[in-house]
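Colleague: Sharing my_file04.txt below, compact mmCIF, C-alpha atoms:
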```txt
# COMPACT_ATOMS: atom_id res chain seq x y z
CA MET I 174 -46.03 38.11 17.02
CA LYS I 175 -45.02 40.37 19.86
CA GLY I 176 -47.10 43.32 18.55
CA ALA I 177 -50.11 41.18 17.63
CA GLY I 178 -50.15 39.58 21.09
CA ALA I 179 -50.06 42.95 22.84
CA THR I 180 -52.93 44.34 20.75
CA ALA I 181 -55.15 41.35 21.51
CA LEU I 182 -54.55 41.79 25.22
CA CYS I 183 -55.50 45.46 25.13
CA ALA I 184 -58.69 44.66 23.23
CA ASN I 185 -59.59 42.30 26.09
CA GLY I 186 -59.53 45.31 28.44
CA GLU I 187 -56.82 43.97 30.74
CA ARG I 188 -54.98 46.30 33.09
CA PRO I 189 -51.69 47.74 31.81
CA GLN I 190 -49.49 45.65 34.16
CA ASP I 191 -51.16 42.40 33.01
CA ALA I 192 -50.79 43.47 29.41
CA LYS I 193 -47.14 44.16 30.06
CA ALA I 194 -46.61 40.78 31.72
CA SER I 195 -48.36 38.98 28.86
CA ARG I 196 -46.42 40.97 26.31
CA SER I 197 -43.22 39.86 27.94
CA SER I 198 -44.38 36.23 28.13
CA ASP I 199 -45.36 36.54 24.46
CA ALA I 200 -41.88 37.80 23.66
CA GLU I 201 -40.40 34.92 25.63
CA GLN I 202 -42.55 32.47 23.66
CA THR I 203 -41.40 33.95 20.35
CA ARG I 204 -37.79 33.79 21.50
CA ARG I 205 -38.22 30.12 22.46
CA ASP I 206 -39.87 29.29 19.11
CA ILE I 207 -36.95 30.83 17.27
CA LEU I 208 -34.43 28.93 19.42
CA THR I 209 -36.17 25.58 18.84
CA VAL I 210 -36.18 25.99 15.07
CA ALA I 211 -32.66 27.47 15.04
CA THR I 212 -31.32 24.54 17.09
CA GLN I 213 -32.56 22.14 14.44
CA GLU I 214 -31.19 24.28 11.60
CA PHE I 215 -27.72 24.74 13.18
CA ALA I 216 -27.52 21.07 14.24
CA ASP I 217 -28.42 19.97 10.70
CA LYS I 218 -26.29 22.39 8.69
CA GLY I 219 -23.76 23.93 11.04
CA LEU I 220 -23.12 27.64 11.52
CA SER I 221 -21.95 28.14 7.92
CA GLY I 222 -24.74 26.15 6.28
CA ALA I 223 -27.67 27.45 8.36
CA ARG I 224 -29.81 30.23 6.84
CA ILE I 225 -31.71 32.89 8.82
CA ASP I 226 -34.28 33.04 5.98
CA GLU I 227 -34.90 29.34 6.47
CA ILE I 228 -35.31 29.76 10.24
CA ALA I 229 -37.69 32.69 9.78
CA ALA I 230 -39.77 30.70 7.29
CA ARG I 231 -40.20 27.88 9.81
CA THR I 232 -41.22 30.11 12.76
CA ARG I 233 -44.17 32.48 13.13
CA THR I 234 -41.78 35.41 13.07
CA SER I 235 -39.73 37.49 10.62
CA LYS I 236 -36.06 37.69 9.78
CA ARG I 237 -36.13 41.26 11.12
CA MET I 238 -37.49 40.03 14.46
CA ILE I 239 -34.75 37.37 14.71
CA TYR I 240 -32.14 40.10 14.34
CA TYR I 241 -34.05 42.21 16.87
CA TYR I 242 -33.87 39.43 19.47
CA PHE I 243 -30.44 37.95 18.74
CA GLY I 244 -28.45 40.70 17.01
CA SER I 245 -26.86 38.54 14.30
CA LYS I 246 -26.62 35.01 12.96
CA GLU I 247 -23.63 34.46 15.27
CA GLY I 248 -25.63 35.86 18.21
CA LEU I 249 -28.43 33.42 17.50
CA TYR I 250 -25.92 30.56 17.15
CA ILE I 251 -24.38 31.41 20.56
CA SER I 252 -27.86 31.50 22.13
CA VAL I 253 -28.58 28.08 20.60
CA LEU I 254 -25.37 26.69 22.12
CA GLU I 255 -26.23 28.23 25.51
CA GLU I 256 -29.70 26.72 25.41
CA ALA I 257 -28.32 23.30 24.41
CA TYR I 258 -25.81 23.28 27.27
CA ARG I 259 -28.49 24.56 29.66
CA ASN I 260 -30.81 21.66 28.76
CA ILE I 261 -28.10 19.02 29.08
CA ARG I 262 -26.64 20.38 32.27
CA ASN I 263 -30.00 21.02 33.90
CA ILE I 264 -30.71 17.33 33.71
CA GLU I 265 -27.18 16.59 34.91
CA ARG I 266 -27.61 18.86 37.92
CA ASP I 267 -30.71 16.92 38.83
CA VAL I 268 -29.05 13.51 38.96
CA ASN I 269 -28.90 12.82 42.66
CA VAL I 270 -26.23 10.30 43.53
CA ASP I 271 -25.12 11.59 46.92
CA HIS I 272 -27.04 8.87 48.75
CA LEU I 273 -25.30 6.05 46.82
CA SER I 274 -21.94 4.39 47.48
CA PRO I 275 -19.12 5.96 45.42
CA GLU I 276 -19.04 2.96 43.01
CA GLN I 277 -22.80 2.97 42.62
CA ALA I 278 -22.85 6.76 42.24
CA LEU I 279 -20.23 6.64 39.48
CA ARG I 280 -22.08 3.79 37.77
CA GLU I 281 -25.29 5.87 37.88
CA LEU I 282 -23.56 9.03 36.59
CA VAL I 283 -21.99 7.21 33.62
CA SER I 284 -25.26 5.46 32.77
CA PHE I 285 -27.01 8.79 32.94
CA THR I 286 -24.41 10.58 30.80
CA PHE I 287 -24.52 7.79 28.20
CA ASP I 288 -28.32 8.05 27.92
CA ARG I 289 -28.29 11.88 27.77
CA HIS I 290 -25.95 11.78 24.77
CA GLN I 291 -28.00 9.11 23.00
CA GLU I 292 -31.18 11.13 23.54
CA ASN I 293 -29.67 14.39 22.33
CA PRO I 294 -27.92 13.85 18.99
CA ASP I 295 -28.56 17.51 18.13
CA PHE I 296 -26.52 18.58 21.15
CA VAL I 297 -23.69 16.30 20.00
CA ARG I 298 -23.84 17.73 16.47
CA LEU I 299 -23.78 21.31 17.79
CA VAL I 300 -20.71 20.55 19.92
CA MET I 301 -18.97 18.86 16.94
CA ASN I 302 -19.72 21.87 14.79
CA GLU I 303 -18.49 24.28 17.44
CA ASN I 304 -15.23 22.33 17.68
CA LEU I 305 -14.83 22.54 13.91
CA HIS I 306 -14.99 26.31 14.53
CA SER I 307 -12.25 25.86 17.16
CA GLY I 308 -14.64 26.67 20.01
CA LYS I 309 -14.50 30.36 19.22
CA TYR I 310 -18.20 31.04 19.82
CA ILE I 311 -18.57 29.38 23.21
CA ALA I 312 -15.55 31.45 24.24
CA GLN I 313 -17.80 34.50 23.61
CA SER I 314 -20.58 33.25 25.87
CA ALA I 315 -20.68 34.55 29.41
CA ASP I 316 -23.14 31.83 30.48
CA ILE I 317 -21.74 28.57 29.11
CA PRO I 318 -18.76 28.05 31.46
CA ALA I 319 -20.99 28.58 34.51
CA LEU I 320 -23.53 26.12 33.12
CA ASN I 321 -20.88 23.42 33.06
CA VAL I 322 -19.68 23.75 36.64
CA PRO I 323 -22.25 21.26 38.05
CA ALA I 324 -21.03 18.50 35.69
CA ILE I 325 -17.53 18.53 37.05
CA GLU I 326 -18.71 19.15 40.62
CA THR I 327 -20.76 15.94 40.57
CA VAL I 328 -17.69 13.95 39.51
CA ARG I 329 -15.55 15.74 42.09
CA ARG I 330 -17.89 14.85 44.93
CA ILE I 331 -18.03 11.19 43.92
CA VAL I 332 -14.24 11.02 43.57
CA GLU I 333 -13.71 12.61 47.00
CA ARG I 334 -16.01 10.09 48.65
CA GLY I 335 -14.39 7.22 46.73
CA LYS I 336 -10.90 8.24 47.79
CA LYS I 337 -11.98 8.64 51.39
CA SER I 338 -13.54 5.15 51.53
CA ARG I 339 -10.52 3.71 49.66
CA ALA I 340 -12.86 2.31 47.02
CA PHE I 341 -11.04 4.48 44.42
CA ARG I 342 -7.38 5.15 43.68
CA GLN I 343 -5.94 8.16 45.49
CA ASP I 344 -4.49 9.77 42.35
CA ILE I 345 -7.69 10.27 40.34
CA ASP I 346 -8.09 13.70 38.83
CA PRO I 347 -11.83 14.59 38.56
CA ALA I 348 -11.39 16.60 35.32
CA ASP I 349 -9.49 13.72 33.73
CA LEU I 350 -12.18 11.23 34.80
CA HIS I 351 -14.90 13.53 33.50
CA MET I 352 -13.03 13.69 30.16
CA SER I 353 -12.98 9.88 29.89
CA ILE I 354 -16.69 9.61 30.68
CA SER I 355 -17.52 12.33 28.14
CA ALA I 356 -15.27 10.82 25.48
CA LEU I 357 -16.79 7.34 25.73
CA CYS I 358 -20.37 8.66 25.77
CA PHE I 359 -19.88 11.36 23.14
CA TYR I 360 -18.14 9.12 20.58
CA SER I 361 -20.99 6.59 20.57
CA VAL I 362 -23.12 9.33 19.00
CA SER I 363 -20.61 11.55 17.23
CA ASN I 364 -18.78 8.82 15.32
CA ARG I 365 -21.47 6.21 14.96
CA HIS I 366 -21.87 6.73 11.22
CA THR I 367 -18.24 6.20 10.26
CA PHE I 368 -17.47 3.58 12.91
CA SER I 369 -20.49 1.41 12.11
CA THR I 370 -19.80 1.61 8.37
CA LEU I 371 -16.07 0.89 8.67
CA PHE I 372 -16.25 -1.92 11.17
CA LYS I 373 -19.70 -3.30 10.35
CA VAL I 374 -20.74 -2.78 13.94
CA ASP I 375 -24.33 -2.10 15.01
CA MET I 376 -24.36 1.09 17.11
CA THR I 377 -28.03 1.97 17.22
CA SER I 378 -30.16 -1.08 18.07
CA ARG I 379 -31.46 -1.34 21.62
CA LYS I 380 -29.36 -4.45 22.19
CA ALA I 381 -26.16 -2.88 20.85
CA LEU I 382 -26.66 0.26 22.94
CA ALA I 383 -27.27 -1.73 26.11
CA ALA I 384 -24.07 -3.73 25.53
CA ARG I 385 -22.06 -0.62 24.76
CA LYS I 386 -23.41 1.21 27.80
CA LYS I 387 -22.44 -1.71 30.03
CA SER I 388 -18.95 -1.71 28.50
CA VAL I 389 -18.54 2.05 29.07
CA ILE I 390 -19.69 1.77 32.69
CA ASP I 391 -17.36 -1.20 33.33
CA THR I 392 -14.43 0.59 31.70
CA ILE I 393 -14.86 3.70 33.86
CA LEU I 394 -15.36 1.66 37.03
CA ALA I 395 -12.26 -0.45 36.31
CA SER I 396 -10.25 2.73 35.76
CA VAL I 397 -10.92 4.11 39.27
CA ARG I 398 -10.32 0.93 41.28
CA PRO I 399 -7.07 0.61 43.21
CA ARG I 400 -4.56 -1.46 41.24
CA MET J 273 0.74 20.57 -16.07
CA LYS J 274 0.27 17.19 -17.61
CA GLY J 275 0.55 18.55 -21.17
CA ALA J 276 3.49 20.84 -20.34
CA GLY J 277 5.42 17.97 -18.74
CA ALA J 278 4.90 15.72 -21.74
CA THR J 279 6.08 18.41 -24.18
CA ALA J 280 9.27 19.05 -22.21
CA LEU J 281 10.03 15.33 -22.20
CA CYS J 282 9.63 15.04 -25.97
CA ALA J 283 11.91 18.05 -26.51
CA ASN J 284 14.57 16.19 -24.49
CA GLY J 285 14.50 13.44 -27.10
CA GLU J 286 13.37 10.65 -24.80
CA ARG J 287 11.91 7.47 -26.25
CA PRO J 288 8.10 7.23 -26.42
CA GLN J 289 7.78 4.60 -23.65
CA ASP J 290 9.84 6.82 -21.28
CA ALA J 291 7.74 9.80 -22.24
CA LYS J 292 4.64 7.76 -21.47
CA ALA J 293 6.00 6.62 -18.10
CA SER J 294 6.94 10.19 -17.19
CA ARG J 295 3.58 11.48 -18.35
CA SER J 296 1.87 9.01 -16.06
CA SER J 297 4.15 9.90 -13.13
CA ASP J 298 3.44 13.55 -13.93
CA ALA J 299 -0.28 12.83 -13.80
CA GLU J 300 0.19 11.03 -10.48
CA GLN J 301 2.09 14.06 -9.13
CA THR J 302 -0.69 16.41 -10.21
CA ARG J 303 -3.26 14.13 -8.61
CA ARG J 304 -1.29 14.09 -5.35
CA ASP J 305 -0.90 17.90 -5.39
CA ILE J 306 -4.64 18.29 -5.75
CA LEU J 307 -5.31 15.81 -2.93
CA THR J 308 -2.90 17.60 -0.55
CA VAL J 309 -4.50 20.99 -1.10
CA ALA J 310 -8.03 19.53 -1.08
CA THR J 311 -7.39 17.73 2.22
CA GLN J 312 -6.53 21.06 3.82
CA GLU J 313 -9.54 22.79 2.26
CA PHE J 314 -12.05 20.07 3.25
CA ALA J 315 -10.55 19.73 6.75
CA ASP J 316 -10.80 23.50 7.26
CA LYS J 317 -14.20 24.16 5.78
CA GLY J 318 -16.00 20.83 5.44
CA LEU J 319 -17.62 19.48 2.31
CA SER J 320 -20.19 22.29 2.13
CA GLY J 321 -17.75 25.14 2.79
CA ALA J 322 -14.90 23.96 0.55
CA ARG J 323 -14.60 25.55 -2.91
CA ILE J 324 -13.12 23.87 -6.01
CA ASP J 325 -12.06 27.33 -7.28
CA GLU J 326 -10.07 27.81 -4.10
CA ILE J 327 -8.41 24.39 -4.46
CA ALA J 328 -7.55 25.07 -8.12
CA ALA J 329 -6.06 28.47 -7.21
CA ARG J 330 -3.74 26.84 -4.66
CA THR J 331 -2.49 24.05 -6.97
CA ARG J 332 -0.64 24.29 -10.28
CA THR J 333 -3.71 22.94 -12.04
CA SER J 334 -7.11 24.09 -13.29
CA LYS J 335 -10.66 23.57 -12.09
CA ARG J 336 -11.27 21.67 -15.34
CA MET J 337 -8.39 19.32 -14.58
CA ILE J 338 -9.74 18.64 -11.05
CA TYR J 339 -13.06 17.57 -12.56
CA TYR J 340 -11.16 15.49 -15.13
CA TYR J 341 -9.34 13.58 -12.37
CA PHE J 342 -12.07 13.36 -9.73
CA GLY J 343 -15.36 13.75 -11.57
CA SER J 344 -17.07 16.09 -9.07
CA LYS J 345 -16.60 17.91 -5.79
CA GLU J 346 -18.05 14.87 -4.02
CA GLY J 347 -15.69 12.57 -5.94
CA LEU J 348 -12.73 14.68 -4.80
CA TYR J 349 -14.03 14.66 -1.23
CA ILE J 350 -14.31 10.85 -1.24
CA SER J 351 -10.75 10.58 -2.60
CA VAL J 352 -9.57 12.89 0.18
CA LEU J 353 -11.26 10.65 2.79
CA GLU J 354 -9.73 7.54 1.21
CA GLU J 355 -6.28 9.12 1.25
CA ALA J 356 -6.68 10.23 4.86
CA TYR J 357 -7.71 6.73 6.00
CA ARG J 358 -4.92 5.20 3.89
CA ASN J 359 -2.30 7.38 5.61
CA ILE J 360 -3.58 6.69 9.13
CA ARG J 361 -4.06 2.97 8.60
CA ASN J 362 -0.74 2.50 6.78
CA ILE J 363 1.03 3.66 9.89
CA GLU J 364 -1.27 1.48 12.00
CA ARG J 365 -0.49 -1.57 9.91
CA ASP J 366 3.19 -0.96 10.54
CA VAL J 367 2.97 -1.02 14.31
CA ASN J 368 4.50 -4.34 15.17
CA VAL J 369 3.42 -5.59 18.57
CA ASP J 370 3.36 -9.33 17.98
CA HIS J 371 6.64 -9.84 19.84
CA LEU J 372 5.34 -8.11 23.01
CA SER J 373 3.28 -9.58 25.86
CA PRO J 374 -0.47 -8.93 25.41
CA GLU J 375 -0.45 -6.17 28.09
CA GLN J 376 2.63 -4.53 26.60
CA ALA J 377 1.23 -4.90 23.08
CA LEU J 378 -2.04 -3.23 24.07
CA ARG J 379 -0.17 -0.47 25.88
CA GLU J 380 1.90 0.13 22.74
CA LEU J 381 -1.13 0.11 20.44
CA VAL J 382 -3.02 2.65 22.58
CA SER J 383 0.04 4.90 22.88
CA PHE J 384 0.49 4.71 19.14
CA THR J 385 -3.19 5.44 18.41
CA PHE J 386 -3.16 8.40 20.79
CA ASP J 387 -0.10 9.91 19.08
CA ARG J 388 -1.48 9.32 15.56
CA HIS J 389 -4.62 11.27 16.40
CA GLN J 390 -2.65 14.14 17.97
CA GLU J 391 -0.40 14.35 14.91
CA ASN J 392 -3.30 14.31 12.44
CA PRO J 393 -5.91 16.88 13.46
CA ASP J 394 -6.93 17.20 9.80
CA PHE J 395 -7.87 13.50 9.76
CA VAL J 396 -9.97 14.03 12.90
CA ARG J 397 -11.72 17.06 11.36
CA LEU J 398 -12.47 15.13 8.15
CA VAL J 399 -14.01 12.28 10.14
CA MET J 400 -16.08 14.74 12.23
CA ASN J 401 -17.30 16.40 9.07
CA GLU J 402 -18.15 13.08 7.47
CA ASN J 403 -20.18 12.11 10.54
CA LEU J 404 -22.06 15.41 10.33
CA HIS J 405 -22.96 14.18 6.82
CA SER J 406 -24.13 10.90 8.43
CA GLY J 407 -21.24 8.96 6.87
CA LYS J 408 -22.95 8.94 3.51
CA TYR J 409 -19.78 9.53 1.48
CA ILE J 410 -17.58 6.83 3.02
CA ALA J 411 -20.46 4.45 2.33
CA GLN J 412 -19.84 5.20 -1.37
CA SER J 413 -16.15 4.31 -1.21
CA ALA J 414 -15.11 0.83 -2.27
CA ASP J 415 -11.66 1.21 -0.67
CA ILE J 416 -12.28 2.62 2.81
CA PRO J 417 -13.75 -0.46 4.55
CA ALA J 418 -10.81 -2.60 3.35
CA LEU J 419 -8.34 0.03 4.56
CA ASN J 420 -9.71 -0.30 8.07
CA VAL J 421 -9.47 -4.06 8.40
CA PRO J 422 -5.88 -3.99 9.77
CA ALA J 423 -6.90 -1.71 12.66
CA ILE J 424 -9.37 -4.18 14.05
CA GLU J 425 -7.16 -7.17 13.18
CA THR J 426 -4.34 -5.83 15.35
CA VAL J 427 -6.71 -5.51 18.31
CA ARG J 428 -8.15 -8.96 17.62
CA ARG J 429 -4.72 -10.62 17.67
CA ILE J 430 -3.75 -8.92 20.93
CA VAL J 431 -7.08 -9.88 22.54
CA GLU J 432 -6.73 -13.50 21.46
CA ARG J 433 -3.26 -13.74 22.97
CA GLY J 434 -4.42 -11.98 26.15
CA LYS J 435 -7.33 -14.36 26.61
CA LYS J 436 -5.15 -17.38 25.99
CA SER J 437 -2.58 -16.31 28.59
CA ARG J 438 -5.40 -15.35 31.01
CA ALA J 439 -3.96 -11.83 31.26
CA PHE J 440 -7.25 -10.50 29.85
CA ARG J 441 -10.90 -11.20 30.63
CA GLN J 442 -12.47 -13.95 28.52
CA ASP J 443 -15.46 -11.85 27.44
CA ILE J 444 -13.68 -9.00 25.64
CA ASP J 445 -15.10 -8.14 22.25
CA PRO J 446 -12.32 -6.79 19.96
CA ALA J 447 -14.64 -4.35 18.14
CA ASP J 448 -15.89 -2.97 21.46
CA LEU J 449 -12.33 -2.56 22.74
CA HIS J 450 -11.30 -0.87 19.49
CA MET J 451 -14.24 1.53 19.93
CA SER J 452 -13.09 2.49 23.44
CA ILE J 453 -9.51 3.08 22.28
CA SER J 454 -10.72 5.18 19.34
CA ALA J 455 -13.17 7.15 21.47
CA LEU J 456 -10.58 8.12 24.10
CA CYS J 457 -7.95 9.04 21.50
CA PHE J 458 -10.31 10.78 19.08
CA TYR J 459 -12.04 12.97 21.70
CA SER J 460 -8.72 14.44 22.91
CA VAL J 461 -8.45 16.08 19.51
CA SER J 462 -12.06 16.42 18.33
CA ASN J 463 -13.43 18.10 21.49
CA ARG J 464 -10.37 19.85 22.82
CA HIS J 465 -11.67 23.32 22.00
CA THR J 466 -14.97 23.06 23.87
CA PHE J 467 -13.69 20.86 26.70
CA SER J 468 -10.68 23.04 27.49
CA THR J 469 -12.80 26.21 27.39
CA LEU J 470 -15.61 24.80 29.53
CA PHE J 471 -13.52 23.09 32.16
CA LYS J 472 -10.41 25.32 32.06
CA VAL J 473 -8.31 22.24 31.33
CA ASP J 474 -5.06 22.37 29.36
CA MET J 475 -5.31 19.83 26.51
CA THR J 476 -2.41 20.82 24.28
CA SER J 477 0.78 21.33 26.31
CA ARG J 478 3.35 18.57 26.20
CA LYS J 479 2.84 17.93 29.91
CA ALA J 480 -0.97 17.75 29.63
CA LEU J 481 -0.80 15.40 26.66
CA ALA J 482 1.65 13.07 28.41
CA ALA J 483 -0.64 12.91 31.45
CA ARG J 484 -3.73 12.32 29.33
CA LYS J 485 -2.01 9.64 27.27
CA LYS J 486 -0.99 7.83 30.43
CA SER J 487 -4.56 8.02 31.71
CA VAL J 488 -5.99 6.65 28.44
CA ILE J 489 -3.50 3.76 28.43
CA ASP J 490 -4.21 2.95 32.10
CA THR J 491 -7.98 3.11 31.50
CA ILE J 492 -7.83 0.67 28.59
CA LEU J 493 -5.48 -1.69 30.41
CA ALA J 494 -7.69 -1.67 33.53
CA SER J 495 -10.71 -2.48 31.35
CA VAL J 496 -9.25 -5.73 30.00
CA ARG J 497 -7.88 -7.18 33.26
CA PRO J 498 -9.80 -10.02 34.89
CA ARG J 499 -12.00 -8.63 37.68
```
Could you render the structure from this file as structure tokens?
Modeller:
Amino acid sequence: MKGAGATALCANGERPQDAKASRSSDAEQTRRDILTVATQEFADKGLSGARIDEIAARTRTSKRMIYYYFGSKEGLYISVLEEAYRNIRNIERDVNVDHLSPEQALRELVSFTFDRHQENPDFVRLVMNENLHSGKYIAQSADIPALNVPAIETVRRIVERGKKSRAFRQDIDPADLHMSISALCFYSVSNRHTFSTLFKVDMTSRKALAARKKSVIDTILASVRPR
Amino acid sequence: MKGAGATALCANGERPQDAKASRSSDAEQTRRDILTVATQEFADKGLSGARIDEIAARTRTSKRMIYYYFGSKEGLYISVLEEAYRNIRNIERDVNVDHLSPEQALRELVSFTFDRHQENPDFVRLVMNENLHSGKYIAQSADIPALNVPAIETVRRIVERGKKSRAFRQDIDPADLHMSISALCFYSVSNRHTFSTLFKVDMTSRKALAARKKSVIDTILASVRPR
């Protein structure tokens, strides 16, 4: 696609710098197409089950081009993880709770985190798969740790304000609180198949999700209040 | 092994009924050997990655015998899941908290559930894998739902006593509370690789686990108290 795009531009008589810019935006588009299809493939089948042939067949590019852009199947998988964290954390960075009271801010953050997980089951599946691989691929990514800083920073800011106003306990550890929020939100997606089958509990209807979300918010809020 | 065992018994001059009993205990032993090795294989590699050849090579039996006992790879996988739930829930059934106050009973149950998950990472991996398969294999098991009844019954009894004594809120739903306990305990094992890498948090040292366990217990206890 990269070559074909560049040729078309030259035939249009554009100046070299425009052709170059378009070529690079064409390359970026191809890269994004591959990532979108690969995200689906890795989320469905995991790193071991996913096939580069399958990904190539579902994009407008070739297997050779995938290796050209991403180096290897593992390279592509790491890029998929980076992209998935980038999407999730971008939204997280944008949640603005600094104008709310600490309780209200925490309530908003938990609500937001719950919804993000529900809306992104592929992200949850990728993270589950990566944990089954003992997290060894995210450890190879230079970008992923930096992408996650805002998540914990948001919690830290809320906790600091809550401690200062005495609305929260003084001994709350932001990383520990973030872990509880993540656990409660993640599990509602990650384990919904086994939990709903074993305990005959509805975990997907609008009503069930609203009730569960309220319970998660109330649980987190109760956990930070002074005893 | 089954044939060899039976021959040795006959050579010892045992009576037919003893030989038959020993043959059947021999068969049970073979079945258990297969399940032990298969649990490891499926926990390591998932249903798709696991190989029957590999399992046969690591037991004292043949691939043919595995198919004889379990029918298919999927049949063996379902038996492994059943055995894993049986082991976890057997221990759960044995936790006796009926003599404790509702708060103390809940504290004990959460502590117990947290430890069980930490001690059984293979169980956690099997459940993660099964969820990546959308829970379609446990849905085929006749035994697994029944095995999980005691887990929710224990929570239900504690909640009833807690409501009666007014130590707990009146609107607690036992299944919802069980979900929160499971989520907080499960995540500490299931997501420890990604979470510890992303947030530079220790999730495996004795000290870190003790602190996290305390936090999980406190969170659950705070969530049931009247507001």
Colleague: Counting only C-alpha atoms, which residues have an atom no more than 12 Å from (-0.6, 5.0, 7.6) in the file's coordinates? Please list them as a list in words.
Modeller: Glu354, Glu355, Ala356, Tyr357, Arg358, Asn359, Ile360, Arg361, Asn362, Ile363, Glu364, Arg365, Asp366, Val367, Phe384, Thr385, Arg388, His389, Glu391, Asn392, Phe395, Leu419, Asn420, Pro422 and Ala423 of chain J
Colleague: Rank nothing, just name the residue among I:Val389, I:Val300, I:Leu394, I:Val374 nearest to I:Ile345, using all atoms listed in the file.
Modeller: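 When distances to I:Ile345 are compared using all atoms listed in the file, the smallest one comes from I:Leu394.
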Colleague: Which residues of chain J come within 6 Å of chain I, and for each one, what is the closest pair of atoms and their distance in Å to one decimal, counting all atoms listed in the file, sorted by chain and residue number, as a tab-separated table?
Modeller:
```
residue	atom	partner	partner_atom	distance
J:Asn403	CA	I:His366	CA	5.7
J:Ser406	CA	I:His366	CA	5.5
J:Gly407	CA	I:His366	CA	4.9
J:Pro417	CA	I:Leu371	CA	4.9
J:Ala455	CA	I:Tyr360	CA	5.4
J:Leu456	CA	I:Ala356	CA	5.6
J:Tyr459	CA	I:Ala356	CA	5.4
J:Asn463	CA	I:Asn304	CA	6.0
J:His465	CA	I:Gly308	CA	4.9
J:Thr466	CA	I:Gly308	CA	5.3
J:Leu470	CA	I:Pro318	CA	4.9
J:Thr491	CA	I:Ser396	CA	4.8
J:Ala494	CA	I:Ala395	CA	5.5
J:Ser495	CA	I:Thr392	CA	4.8
```
Colleague: Box along x, y and z, 6 Å on every side, all listed atoms of stretch 280-285 of chain I inside: centre and edge lengths in Å to one decimal, as JSON.
Modeller:
```
{"center_x": -24.5, "center_y": 6.4, "center_z": 35.3, "size_x": 17.0, "size_y": 17.2, "size_z": 17.1}
```
Colleague: Separation of atom CA of I:Asp295 and atom CA of I:Ala230, in Å?
Modeller: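 Separating atom CA of I:Asp295 from atom CA of I:Ala230 is a distance of 20.4 Å.
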Colleague: Take the point (-1.0, 22.9, -5.0) in the file's coordinates, draw a sphere of radius 10 Å around it, and report as a list in words every protein, DNA or RNA residue with an atom inside or on it, counting only C-alpha atoms.
Modeller: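 Output of the proximity query reads Thr302, Arg303, Arg304, Asp305, Ile306, Leu307, Thr308, Val309, Ala310, Ile327, Ala328, Ala329, Arg330, Thr331, Arg332 and Thr333 of chain J.
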Colleague: So how far away is atom CA of J:Lys485 from atom CA of J:Asp387, in Å?
Modeller: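 Atom-to-atom, atom CA of J:Asp387 and atom CA of J:Lys485 are spaced 8.4 Å apart.
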Colleague: Mind pulling up the distance from atom CA of J:Ser297 to atom CA of J:Lys345?
Modeller: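 Those two atoms sit 23.4 Å apart.
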Colleague: Tell me which of J:Asp298, J:Asp415, J:Glu380, J:Asp325 sits closest to J:Leu353, counting all atoms listed in the file.
Modeller: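 For J:Leu353, the nearest of the candidates is J:Asp415.
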Colleague: For a quick check of understanding, using only C-alpha atoms, which of J:Gln376, J:Ala299, J:Thr426, J:Ser477 has the smallest distance to J:Tyr340?
Modeller: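 For J:Tyr340, the nearest of the candidates is J:Ala299.
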Colleague: Tell me which protein, DNA and RNA residues are within 7 Å of stretch 428-435 of chain J, counting all atoms listed in the file, leaving out same-chain ones fewer than 4 positions away, and put them as a ChimeraX atom specification.
Modeller: /J:374,377-378,424,439-442,446
